[in-house]
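Below is one structure; the comments refer to it alone.
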Amino acid sequence: MEERKEKIYAFVDSQNLNLGIRDCGWRLDFKRFRIYLRDKYQVEKVFLCIGYVPGNEALYTYLQSSGYIVVFKPTLEIKKPDGVLVKGNVDAELVLHTMIEYQNYDKAIIVSGDGDFHCLIEYLVENNKLHSLMIPNQKKYSVLLRKFRKYFIYLNSLEQKLSNKKERE
């Protein structure tokens, strides 16, 4: 009898991923990252949680055409003396979609270094559903996640595989 392949889904905090990698001095190529998840970890579906900013439709179309299921969070524009701050915390969306899809995957990959996901990660570990926790920046992640260290995969060392080549030239 043929053994059933594990279904793996990934849930991505796009802001944490993007800013974490930028802090390492390079830019992530989201299309290459999706291919990496598919080829290296056999990830079937990737839910990318992102704040919706009017005018960024071309980016959202690109992400969808690259294979992401894009989950939008409405953003707030906060006027500050030095400009406008766009706020769109996607934590609730990531947790909600991880739980909505819970019965559809065997293992989850969470892509974030944000300690706000501690309770979600703990729940996934307790139920043997966590495949890994991908930390964008090894030097900047929440201390709350340390107890899950055995699940860590650091992305900051994958610049050659995952960086936007056009930006490097």
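Each chain in the structure tokens gets a letter, A, B, ..., in the order shown, and its residues are numbered from 1; ligands are numbered from 1 in order too.
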
Problem set entry | Shell of 10 Å around range 112-126 of chain A, only C-alpha atoms, local chain residues under 4 positions omitted, as a ChimeraX atom specification | /A:11-18,20,91-92,94-96,98-99,102,107-108,130-148,151-152,154

Residues of range 128-169 of chain A within 6 Å of range 23-36 of chain A: nearest atom pair and distance (Å, one decimal) for each, counting only C-alpha atoms, sorted by chain and number, as JSON lines?
{"residue": "A:Leu162", "atom": "CA", "partner": "A:Arg32", "partner_atom": "CA", "distance": 5.7}
{"residue": "A:Ser163", "atom": "CA", "partner": "A:Leu28", "partner_atom": "CA", "distance": 4.6}
{"residue": "A:Asn164", "atom": "CA", "partner": "A:Asp29", "partner_atom": "CA", "distance": 4.4}

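These are the residues of range 78-121 of chain A assigned alpha helix (DSSP H) by DSSP from backbone coordinates: Asp91, Ala92, Glu93, Leu94, Val95, Leu96, His97, Thr98, Met99, Ile100, His118, Cys119, Leu120 and Ile121 of chain A.
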
Selection to disk with N, CA and C atoms, as a PDB file, in the first residue's frame:
ATOM      1  N   ASP A  91      -1.517  39.657  12.270  1.00  0.00           N
ATOM      2  CA  ASP A  91      -1.444  38.539  13.209  1.00  0.00           C
ATOM      3  C   ASP A  91      -2.751  37.754  13.293  1.00  0.00           C
ATOM      4  N   ALA A  92      -3.866  38.458  13.461  1.00  0.00           N
ATOM      5  CA  ALA A  92      -5.163  37.772  13.601  1.00  0.00           C
ATOM      6  C   ALA A  92      -5.499  36.992  12.334  1.00  0.00           C
ATOM      7  N   GLU A  93      -5.211  37.546  11.173  1.00  0.00           N
ATOM      8  CA  GLU A  93      -5.490  36.855   9.907  1.00  0.00           C
ATOM      9  C   GLU A  93      -4.672  35.573   9.791  1.00  0.00           C
ATOM     10  N   LEU A  94      -3.393  35.647  10.179  1.00  0.00           N
ATOM     11  CA  LEU A  94      -2.547  34.465  10.081  1.00  0.00           C
ATOM     12  C   LEU A  94      -3.061  33.362  11.016  1.00  0.00           C
ATOM     13  N   VAL A  95      -3.377  33.721  12.248  1.00  0.00           N
ATOM     14  CA  VAL A  95      -3.888  32.735  13.205  1.00  0.00           C
ATOM     15  C   VAL A  95      -5.223  32.164  12.706  1.00  0.00           C
ATOM     16  N   LEU A  96      -6.110  33.040  12.276  1.00  0.00           N
ATOM     17  CA  LEU A  96      -7.432  32.596  11.830  1.00  0.00           C
ATOM     18  C   LEU A  96      -7.323  31.630  10.646  1.00  0.00           C
ATOM     19  N   HIS A  97      -6.532  31.964   9.651  1.00  0.00           N
ATOM     20  CA  HIS A  97      -6.420  31.104   8.467  1.00  0.00           C
ATOM     21  C   HIS A  97      -5.692  29.792   8.784  1.00  0.00           C
ATOM     22  N   THR A  98      -4.751  29.829   9.728  1.00  0.00           N
ATOM     23  CA  THR A  98      -4.103  28.585  10.164  1.00  0.00           C
ATOM     24  C   THR A  98      -5.147  27.657  10.774  1.00  0.00           C
ATOM     25  N   MET A  99      -6.088  28.233  11.519  1.00  0.00           N
ATOM     26  CA  MET A  99      -7.120  27.411  12.170  1.00  0.00           C
ATOM     27  C   MET A  99      -8.255  27.037  11.206  1.00  0.00           C
ATOM     28  N   ILE A 100      -8.621  27.925  10.292  1.00  0.00           N
ATOM     29  CA  ILE A 100      -9.650  27.595   9.289  1.00  0.00           C
ATOM     30  C   ILE A 100      -9.195  26.388   8.469  1.00  0.00           C
ATOM     31  N   HIS A 118       3.154  32.982  19.550  1.00  0.00           N
ATOM     32  CA  HIS A 118       3.545  31.979  20.550  1.00  0.00           C
ATOM     33  C   HIS A 118       2.429  30.979  20.832  1.00  0.00           C
ATOM     34  N   CYS A 119       1.214  31.470  21.112  1.00  0.00           N
ATOM     35  CA  CYS A 119       0.116  30.551  21.470  1.00  0.00           C
ATOM     36  C   CYS A 119      -0.276  29.659  20.295  1.00  0.00           C
ATOM     37  N   LEU A 120      -0.241  30.195  19.081  1.00  0.00           N
ATOM     38  CA  LEU A 120      -0.543  29.384  17.895  1.00  0.00           C
ATOM     39  C   LEU A 120       0.506  28.285  17.721  1.00  0.00           C
ATOM     40  N   ILE A 121       1.767  28.659  17.811  1.00  0.00           N
ATOM     41  CA  ILE A 121       2.852  27.706  17.625  1.00  0.00           C
ATOM     42  C   ILE A 121       2.797  26.635  18.717  1.00  0.00           C
TER      43      ILE A 121
END

Neighbour list for Leu37 in chain A as a PDB file with N, CA and C atoms, in the first residue's frame, cut-off 9 Å, only C-alpha atoms, skip fewer than 5 positions in-chain:
ATOM      1  N   ALA A  10       1.880  26.511   4.373  1.00  0.00           N
ATOM      2  CA  ALA A  10       2.670  27.562   5.016  1.00  0.00           C
ATOM      3  C   ALA A  10       1.791  28.797   5.213  1.00  0.00           C
ATOM      4  N   ARG A  32      10.636  33.303  -6.034  1.00  0.00           N
ATOM      5  CA  ARG A  32      11.652  32.292  -5.714  1.00  0.00           C
ATOM      6  C   ARG A  32      11.371  31.645  -4.357  1.00  0.00           C
ATOM      7  N   GLN A  42       7.874  20.628  -0.053  1.00  0.00           N
ATOM      8  CA  GLN A  42       6.639  20.095  -0.654  1.00  0.00           C
ATOM      9  C   GLN A  42       5.392  20.819  -0.135  1.00  0.00           C
ATOM     10  N   VAL A  43       5.509  22.127   0.052  1.00  0.00           N
ATOM     11  CA  VAL A  43       4.380  22.929   0.536  1.00  0.00           C
ATOM     12  C   VAL A  43       3.349  23.056  -0.578  1.00  0.00           C
ATOM     13  N   GLU A  44       2.117  22.630  -0.291  1.00  0.00           N
ATOM     14  CA  GLU A  44       1.035  22.678  -1.276  1.00  0.00           C
ATOM     15  C   GLU A  44       0.409  24.061  -1.387  1.00  0.00           C
ATOM     16  N   VAL A  46       0.353  28.184   0.195  1.00  0.00           N
ATOM     17  CA  VAL A  46       1.006  29.217   1.005  1.00  0.00           C
ATOM     18  C   VAL A  46       0.038  30.383   1.147  1.00  0.00           C
TER      19      VAL A  46
END

Exercise. Could you name the residues that touch Val90 in chain A at 7 Å or less, counting only C-alpha atoms, but leaving out those on the same chain fewer than 6 positions away, as a list in words?
Worked result: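 Neighbouring residues, sequence-local ones excluded: Asp13, Cys49, Ile50, Gly51 and Lys73 of chain A.
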